[in-house]
Amino acid sequence: MDNRQAIGSWLSGPRAAAEDMGADFGHRGERLGLPQAGPGSIAPLGRRFGAVFIDWGLCLLIAYGLFANGDGKAAGNWALGIFLLLSVLTVGTVGFTPGKRIFGLRIIAEDGGRLGLFRVALRSLLLSLAIPALIWDRDGRGLHDRLARAVQVRI
């Protein structure tokens with residue numbers, strides 16, 4: 001074996017090495033019955049980060065202007081609570097937050113339906129903890145989505 005090939009597979013990660021050996025993982029969302037691209041496909045990571053950035057910025061703005069009385073440190077604490085409330089209310093009713101709507105994303109149940117209030121609240125609480133959102137599966141879903149049995153898809 002060529003040393004460059006071994007180093008390349010190590011740098012590329014275990015998935016790339018397994019694919020080089022012939023493993024077929026399929027496209028993201030295939031196991032869930034979702035299309036590879038277009039509406040209904042798994043939301044790309046960049047769009048999801050953009051949506052969270054917009055939502056967090058909106059929550060910080062609301063917290064700073066309405067609750068923190070000009071105290072930047074207090075605004076962060078208030079923003080987290082507002083973020084949790086925003087997520088539960090908007091995802092629970094229309095299926096997306098303002099940031100997700102801007103980026104053309106929606107949150108649905110694994111079976112394609114709407115998430116119930118308990119699953120929306122669980123997902124939102126885990127998302128506000130941040131750690132579960134940073135652990136992904138091979139479909140690109142965060143742990144918060146897996147535990148709530150939710151999927152972020154393109155509209």
# chains A, B, ... in the order shown; residues from 1 in each chain; ligands from 1
>>> select_by_dssp(residues="chain A", states="strand (DSSP E)", output="list of chain:residue names")
A:Leu105, A:Arg106, A:Ile107, A:Ile108, A:Ala109, A:Ala150, A:Val151, A:Gln152, A:Val153, A:Arg154
>>> write_last_selection(atoms="N, CA and C atoms", output="compact mmCIF listing (two decimals), in the first residue's frame")
# COMPACT_ATOMS: atom_id res chain seq x y z
N LEU A 105 -35.84 26.23 5.65
CA LEU A 105 -35.79 24.96 6.38
C LEU A 105 -37.05 24.77 7.20
N ARG A 106 -37.36 23.52 7.48
CA ARG A 106 -38.51 23.17 8.31
C ARG A 106 -38.13 21.96 9.16
N ILE A 107 -38.73 21.84 10.33
CA ILE A 107 -38.50 20.69 11.20
C ILE A 107 -39.75 19.82 11.17
N ILE A 108 -39.55 18.55 10.84
CA ILE A 108 -40.66 17.61 10.77
C ILE A 108 -40.33 16.37 11.59
N ALA A 109 -41.33 15.56 11.85
CA ALA A 109 -41.11 14.28 12.52
C ALA A 109 -40.50 13.31 11.52
N ALA A 150 -36.84 13.92 15.17
CA ALA A 150 -37.13 15.02 14.26
C ALA A 150 -36.09 15.06 13.15
N VAL A 151 -36.45 15.74 12.05
CA VAL A 151 -35.55 15.90 10.91
C VAL A 151 -35.68 17.34 10.42
N GLN A 152 -34.54 17.97 10.13
CA GLN A 152 -34.56 19.29 9.51
C GLN A 152 -34.44 19.10 8.02
N VAL A 153 -35.42 19.60 7.28
CA VAL A 153 -35.45 19.41 5.83
C VAL A 153 -35.57 20.74 5.12
N ARG A 154 -35.25 20.70 3.85
CA ARG A 154 -35.43 21.89 3.00
C ARG A 154 -36.91 22.04 2.67
>>> closest_atom_pairs(of="stretch 72-122 of chain A", to="stretch 28-51 of chain A", cutoff="9 Å", atoms="only C-alpha atoms", output="Markdown table")
| residue | atom | partner | partner_atom | distance |
| --- | --- | --- | --- | --- |
| A:Thr97 | CA | A:Ala51 | CA | 8.0 |
| A:Pro98 | CA | A:Ala51 | CA | 7.7 |
| A:Gly99 | CA | A:Ala51 | CA | 4.1 |
| A:Lys100 | CA | A:Ala51 | CA | 4.8 |
| A:Arg101 | CA | A:Ala51 | CA | 8.0 |
| A:Ile102 | CA | A:Ala51 | CA | 7.3 |
| A:Phe103 | CA | A:Arg47 | CA | 6.0 |
| A:Gly104 | CA | A:Arg47 | CA | 8.3 |
| A:Leu105 | CA | A:Ala43 | CA | 6.7 |
| A:Arg106 | CA | A:Ala43 | CA | 8.5 |
| A:Glu110 | CA | A:Leu32 | CA | 6.9 |
| A:Asp111 | CA | A:Leu32 | CA | 8.1 |
>>> residues_around(residues="A:Gly81", least_positions_apart="2", cutoff="12 Å", atoms="only C-alpha atoms", output="NGL selection string")
:A and (56 or 59-60 or 62-63 or 67 or 74-79 or 83-88 or 124-125 or 127-129)
>>> select_by_dssp(residues="stretch 96-151 of chain A", states="helix (DSSP H, G or I)", output="PyMOL selection string")
chain A and resi 98-102+117-129+132-134+143-147
>>> write_last_selection(atoms="N, CA, C and O atoms", output="mmCIF file, in the first residue's frame")
data_model
loop_
_atom_site.group_PDB
_atom_site.id
_atom_site.type_symbol
_atom_site.label_atom_id
_atom_site.label_comp_id
_atom_site.auth_asym_id
_atom_site.auth_seq_id
_atom_site.Cartn_x
_atom_site.Cartn_y
_atom_site.Cartn_z
ATOM 1 N N PRO A 98 -37.817 31.831 12.870
ATOM 2 C CA PRO A 98 -37.594 32.854 11.841
ATOM 3 C C PRO A 98 -36.319 32.604 11.019
ATOM 4 O O PRO A 98 -36.322 32.755 9.794
ATOM 5 N N GLY A 99 -35.250 32.203 11.681
ATOM 6 C CA GLY A 99 -34.007 31.923 10.958
ATOM 7 C C GLY A 99 -34.148 30.753 10.002
ATOM 8 O O GLY A 99 -33.655 30.785 8.877
ATOM 9 N N LYS A 100 -34.829 29.702 10.431
ATOM 10 C CA LYS A 100 -35.032 28.544 9.562
ATOM 11 C C LYS A 100 -35.896 28.922 8.363
ATOM 12 O O LYS A 100 -35.678 28.459 7.251
ATOM 13 N N ARG A 101 -36.872 29.777 8.576
ATOM 14 C CA ARG A 101 -37.733 30.218 7.461
ATOM 15 C C ARG A 101 -36.916 31.007 6.437
ATOM 16 O O ARG A 101 -37.071 30.817 5.234
ATOM 17 N N ILE A 102 -36.060 31.884 6.922
ATOM 18 C CA ILE A 102 -35.224 32.683 6.016
ATOM 19 C C ILE A 102 -34.334 31.780 5.171
ATOM 20 O O ILE A 102 -34.144 32.017 3.986
ATOM 21 N N LEU A 117 -46.054 18.594 20.875
ATOM 22 C CA LEU A 117 -45.523 19.598 21.794
ATOM 23 C C LEU A 117 -44.421 19.042 22.693
ATOM 24 O O LEU A 117 -43.410 19.701 22.914
ATOM 25 N N PHE A 118 -44.585 17.819 23.195
ATOM 26 C CA PHE A 118 -43.557 17.231 24.049
ATOM 27 C C PHE A 118 -42.244 17.073 23.287
ATOM 28 O O PHE A 118 -41.175 17.406 23.810
ATOM 29 N N ARG A 119 -42.295 16.577 22.058
ATOM 30 C CA ARG A 119 -41.074 16.377 21.280
ATOM 31 C C ARG A 119 -40.436 17.703 20.885
ATOM 32 O O ARG A 119 -39.207 17.818 20.843
ATOM 33 N N VAL A 120 -41.250 18.723 20.624
ATOM 34 C CA VAL A 120 -40.715 20.058 20.328
ATOM 35 C C VAL A 120 -40.011 20.616 21.562
ATOM 36 O O VAL A 120 -38.906 21.168 21.461
ATOM 37 N N ALA A 121 -40.629 20.476 22.722
ATOM 38 C CA ALA A 121 -40.028 20.979 23.961
ATOM 39 C C ALA A 121 -38.731 20.238 24.285
ATOM 40 O O ALA A 121 -37.734 20.874 24.661
ATOM 41 N N LEU A 122 -38.720 18.920 24.109
ATOM 42 C CA LEU A 122 -37.507 18.134 24.343
ATOM 43 C C LEU A 122 -36.397 18.572 23.398
ATOM 44 O O LEU A 122 -35.262 18.814 23.819
ATOM 45 N N ARG A 123 -36.713 18.705 22.118
ATOM 46 C CA ARG A 123 -35.727 19.122 21.117
ATOM 47 C C ARG A 123 -35.178 20.507 21.450
ATOM 48 O O ARG A 123 -33.981 20.743 21.396
ATOM 49 N N SER A 124 -36.047 21.431 21.798
ATOM 50 C CA SER A 124 -35.632 22.800 22.101
ATOM 51 C C SER A 124 -34.760 22.863 23.344
ATOM 52 O O SER A 124 -33.765 23.593 23.369
ATOM 53 N N LEU A 125 -35.126 22.100 24.358
ATOM 54 C CA LEU A 125 -34.326 22.075 25.587
ATOM 55 C C LEU A 125 -32.930 21.514 25.310
ATOM 56 O O LEU A 125 -31.927 22.088 25.743
ATOM 57 N N LEU A 126 -32.861 20.415 24.570
ATOM 58 C CA LEU A 126 -31.559 19.832 24.230
ATOM 59 C C LEU A 126 -30.736 20.777 23.351
ATOM 60 O O LEU A 126 -29.525 20.883 23.506
ATOM 61 N N LEU A 127 -31.393 21.471 22.423
ATOM 62 C CA LEU A 127 -30.690 22.422 21.564
ATOM 63 C C LEU A 127 -30.119 23.567 22.387
ATOM 64 O O LEU A 127 -29.001 24.021 22.136
ATOM 65 N N SER A 128 -30.845 24.010 23.396
ATOM 66 C CA SER A 128 -30.343 25.114 24.216
ATOM 67 C C SER A 128 -29.142 24.697 25.058
ATOM 68 O O SER A 128 -28.360 25.540 25.484
ATOM 69 N N LEU A 129 -28.964 23.395 25.287
ATOM 70 C CA LEU A 129 -27.781 22.905 25.995
ATOM 71 C C LEU A 129 -26.549 22.875 25.100
ATOM 72 O O LEU A 129 -25.434 22.750 25.576
ATOM 73 N N PRO A 132 -25.724 18.432 22.739
ATOM 74 C CA PRO A 132 -26.375 17.448 21.868
ATOM 75 C C PRO A 132 -26.427 17.874 20.404
ATOM 76 O O PRO A 132 -26.406 17.041 19.507
ATOM 77 N N ALA A 133 -26.475 19.174 20.162
ATOM 78 C CA ALA A 133 -26.534 19.655 18.783
ATOM 79 C C ALA A 133 -25.197 19.491 18.064
ATOM 80 O O ALA A 133 -25.136 19.524 16.839
ATOM 81 N N LEU A 134 -24.127 19.297 18.805
ATOM 82 C CA LEU A 134 -22.807 19.168 18.200
ATOM 83 C C LEU A 134 -22.409 17.715 17.938
ATOM 84 O O LEU A 134 -21.323 17.450 17.443
ATOM 85 N N LEU A 143 -27.892 15.108 17.868
ATOM 86 C CA LEU A 143 -28.447 14.244 18.896
ATOM 87 C C LEU A 143 -29.801 14.768 19.380
ATOM 88 O O LEU A 143 -30.698 13.992 19.688
ATOM 89 N N HIS A 144 -29.957 16.090 19.423
ATOM 90 C CA HIS A 144 -31.237 16.669 19.847
ATOM 91 C C HIS A 144 -32.352 16.271 18.885
ATOM 92 O O HIS A 144 -33.477 16.017 19.305
ATOM 93 N N ASP A 145 -32.058 16.207 17.589
ATOM 94 C CA ASP A 145 -33.054 15.779 16.606
ATOM 95 C C ASP A 145 -33.325 14.279 16.701
ATOM 96 O O ASP A 145 -34.461 13.834 16.581
ATOM 97 N N ARG A 146 -32.286 13.504 16.916
ATOM 98 C CA ARG A 146 -32.474 12.043 17.024
ATOM 99 C C ARG A 146 -33.333 11.687 18.227
ATOM 100 O O ARG A 146 -34.224 10.854 18.127
ATOM 101 N N LEU A 147 -33.050 12.290 19.381
ATOM 102 C CA LEU A 147 -33.816 11.981 20.590
ATOM 103 C C LEU A 147 -35.279 12.438 20.477
ATOM 104 O O LEU A 147 -36.176 11.809 21.033
#
>>> atom_distance(atom1="atom CA of A:Val52", atom2="atom CA of A:Thr93")
18.0 Å
>>> atom_distance(atom1="atom CA of A:Ile82", atom2="atom CA of A:Leu58")
9.3 Å
>>> atom_distance(atom1="atom CA of A:Arg114", atom2="atom CA of A:Arg138")
22.8 Å
>>> decode(residues="stretch 126-142 of chain A", atoms="all heavy atoms", output="mmCIF file, in the first residue's frame")
data_model
loop_
_atom_site.group_PDB
_atom_site.id
_atom_site.type_symbol
_atom_site.label_atom_id
_atom_site.label_comp_id
_atom_site.auth_asym_id
_atom_site.auth_seq_id
_atom_site.Cartn_x
_atom_site.Cartn_y
_atom_site.Cartn_z
ATOM 1 N N LEU A 126 -32.861 20.415 24.570
ATOM 2 C CA LEU A 126 -31.559 19.832 24.230
ATOM 3 C C LEU A 126 -30.736 20.777 23.351
ATOM 4 O O LEU A 126 -29.525 20.883 23.506
ATOM 5 C CB LEU A 126 -31.742 18.482 23.544
ATOM 6 C CG LEU A 126 -32.277 17.364 24.437
ATOM 7 C CD1 LEU A 126 -32.624 16.144 23.606
ATOM 8 C CD2 LEU A 126 -31.293 17.024 25.529
ATOM 9 N N LEU A 127 -31.393 21.471 22.423
ATOM 10 C CA LEU A 127 -30.690 22.422 21.564
ATOM 11 C C LEU A 127 -30.119 23.567 22.387
ATOM 12 O O LEU A 127 -29.001 24.021 22.136
ATOM 13 C CB LEU A 127 -31.633 22.965 20.489
ATOM 14 C CG LEU A 127 -31.052 23.969 19.513
ATOM 15 C CD1 LEU A 127 -29.902 23.360 18.732
ATOM 16 C CD2 LEU A 127 -32.127 24.471 18.571
ATOM 17 N N SER A 128 -30.845 24.010 23.396
ATOM 18 C CA SER A 128 -30.343 25.114 24.216
ATOM 19 C C SER A 128 -29.142 24.697 25.058
ATOM 20 O O SER A 128 -28.360 25.540 25.484
ATOM 21 C CB SER A 128 -31.450 25.681 25.108
ATOM 22 O OG SER A 128 -31.832 24.750 26.083
ATOM 23 N N LEU A 129 -28.964 23.395 25.287
ATOM 24 C CA LEU A 129 -27.781 22.905 25.995
ATOM 25 C C LEU A 129 -26.549 22.875 25.100
ATOM 26 O O LEU A 129 -25.434 22.750 25.576
ATOM 27 C CB LEU A 129 -28.037 21.499 26.557
ATOM 28 C CG LEU A 129 -29.108 21.391 27.625
ATOM 29 C CD1 LEU A 129 -29.341 19.933 27.991
ATOM 30 C CD2 LEU A 129 -28.743 22.207 28.841
ATOM 31 N N ALA A 130 -26.729 22.954 23.789
ATOM 32 C CA ALA A 130 -25.688 23.024 22.756
ATOM 33 C C ALA A 130 -24.926 21.716 22.536
ATOM 34 O O ALA A 130 -24.677 21.359 21.400
ATOM 35 C CB ALA A 130 -24.699 24.161 23.008
ATOM 36 N N ILE A 131 -24.535 20.998 23.553
ATOM 37 C CA ILE A 131 -23.727 19.787 23.365
ATOM 38 C C ILE A 131 -24.442 18.761 22.480
ATOM 39 O O ILE A 131 -23.847 18.256 21.531
ATOM 40 C CB ILE A 131 -23.313 19.176 24.723
ATOM 41 C CG1 ILE A 131 -22.462 20.151 25.508
ATOM 42 C CG2 ILE A 131 -22.583 17.851 24.520
ATOM 43 C CD1 ILE A 131 -21.154 20.557 24.857
ATOM 44 N N PRO A 132 -25.724 18.432 22.739
ATOM 45 C CA PRO A 132 -26.375 17.448 21.868
ATOM 46 C C PRO A 132 -26.427 17.874 20.404
ATOM 47 O O PRO A 132 -26.406 17.041 19.507
ATOM 48 C CB PRO A 132 -27.786 17.329 22.456
ATOM 49 C CG PRO A 132 -27.641 17.736 23.864
ATOM 50 C CD PRO A 132 -26.572 18.791 23.867
ATOM 51 N N ALA A 133 -26.475 19.174 20.162
ATOM 52 C CA ALA A 133 -26.534 19.655 18.783
ATOM 53 C C ALA A 133 -25.197 19.491 18.064
ATOM 54 O O ALA A 133 -25.136 19.524 16.839
ATOM 55 C CB ALA A 133 -26.953 21.118 18.759
ATOM 56 N N LEU A 134 -24.127 19.297 18.805
ATOM 57 C CA LEU A 134 -22.807 19.168 18.200
ATOM 58 C C LEU A 134 -22.409 17.715 17.938
ATOM 59 O O LEU A 134 -21.323 17.450 17.443
ATOM 60 C CB LEU A 134 -21.765 19.839 19.099
ATOM 61 C CG LEU A 134 -21.977 21.338 19.314
ATOM 62 C CD1 LEU A 134 -20.977 21.874 20.318
ATOM 63 C CD2 LEU A 134 -21.898 22.090 18.004
ATOM 64 N N ILE A 135 -23.285 16.775 18.252
ATOM 65 C CA ILE A 135 -23.035 15.360 17.999
ATOM 66 C C ILE A 135 -23.973 14.913 16.885
ATOM 67 O O ILE A 135 -25.189 14.954 17.045
ATOM 68 C CB ILE A 135 -23.285 14.521 19.280
ATOM 69 C CG1 ILE A 135 -22.385 15.008 20.402
ATOM 70 C CG2 ILE A 135 -23.082 13.041 18.997
ATOM 71 C CD1 ILE A 135 -22.720 14.434 21.753
ATOM 72 N N TRP A 136 -23.409 14.501 15.737
ATOM 73 C CA TRP A 136 -24.211 14.168 14.560
ATOM 74 C C TRP A 136 -24.155 12.693 14.235
ATOM 75 O O TRP A 136 -23.183 12.008 14.543
ATOM 76 C CB TRP A 136 -23.702 14.918 13.324
ATOM 77 C CG TRP A 136 -23.765 16.389 13.435
ATOM 78 C CD1 TRP A 136 -24.856 17.161 13.670
ATOM 79 C CD2 TRP A 136 -22.675 17.290 13.295
ATOM 80 N NE1 TRP A 136 -24.511 18.472 13.697
ATOM 81 C CE2 TRP A 136 -23.174 18.584 13.464
ATOM 82 C CE3 TRP A 136 -21.319 17.119 13.047
ATOM 83 C CZ2 TRP A 136 -22.370 19.704 13.373
ATOM 84 C CZ3 TRP A 136 -20.529 18.234 12.968
ATOM 85 C CH2 TRP A 136 -21.048 19.513 13.126
ATOM 86 N N ASP A 137 -25.184 12.238 13.536
ATOM 87 C CA ASP A 137 -25.159 10.886 12.981
ATOM 88 C C ASP A 137 -24.790 10.968 11.501
ATOM 89 O O ASP A 137 -24.500 12.059 10.988
ATOM 90 C CB ASP A 137 -26.496 10.169 13.204
ATOM 91 C CG ASP A 137 -27.664 10.796 12.455
ATOM 92 O OD1 ASP A 137 -27.459 11.756 11.687
ATOM 93 O OD2 ASP A 137 -28.790 10.316 12.639
ATOM 94 N N ARG A 138 -24.799 9.861 10.805
ATOM 95 C CA ARG A 138 -24.356 9.878 9.410
ATOM 96 C C ARG A 138 -25.340 10.569 8.478
ATOM 97 O O ARG A 138 -25.012 10.885 7.345
ATOM 98 C CB ARG A 138 -24.039 8.469 8.930
ATOM 99 C CG ARG A 138 -25.228 7.605 8.650
ATOM 100 C CD ARG A 138 -24.748 6.281 8.113
ATOM 101 N NE ARG A 138 -25.831 5.568 7.491
ATOM 102 C CZ ARG A 138 -25.868 4.290 7.345
ATOM 103 N NH1 ARG A 138 -24.865 3.552 7.760
ATOM 104 N NH2 ARG A 138 -26.883 3.709 6.759
ATOM 105 N N ASP A 139 -26.558 10.826 8.948
ATOM 106 C CA ASP A 139 -27.520 11.598 8.159
ATOM 107 C C ASP A 139 -27.378 13.094 8.405
ATOM 108 O O ASP A 139 -28.106 13.888 7.816
ATOM 109 C CB ASP A 139 -28.951 11.162 8.493
ATOM 110 C CG ASP A 139 -29.272 9.781 7.965
ATOM 111 O OD1 ASP A 139 -28.840 9.469 6.843
ATOM 112 O OD2 ASP A 139 -29.956 9.020 8.663
ATOM 113 N N GLY A 140 -26.471 13.477 9.293
ATOM 114 C CA GLY A 140 -26.269 14.887 9.597
ATOM 115 C C GLY A 140 -27.239 15.422 10.635
ATOM 116 O O GLY A 140 -27.339 16.624 10.822
ATOM 117 N N ARG A 141 -27.954 14.546 11.322
ATOM 118 C CA ARG A 141 -28.890 14.987 12.359
ATOM 119 C C ARG A 141 -28.172 15.056 13.699
ATOM 120 O O ARG A 141 -27.417 14.155 14.058
ATOM 121 C CB ARG A 141 -30.070 14.019 12.492
ATOM 122 C CG ARG A 141 -30.953 14.009 11.281
ATOM 123 C CD ARG A 141 -32.228 13.237 11.499
ATOM 124 N NE ARG A 141 -31.989 11.926 12.069
ATOM 125 C CZ ARG A 141 -32.894 11.257 12.772
ATOM 126 N NH1 ARG A 141 -34.070 11.777 13.007
ATOM 127 N NH2 ARG A 141 -32.622 10.058 13.243
ATOM 128 N N GLY A 142 -28.436 16.119 14.440
ATOM 129 C CA GLY A 142 -27.860 16.253 15.764
ATOM 130 C C GLY A 142 -28.543 15.321 16.745
ATOM 131 O O GLY A 142 -29.647 14.826 16.496
#
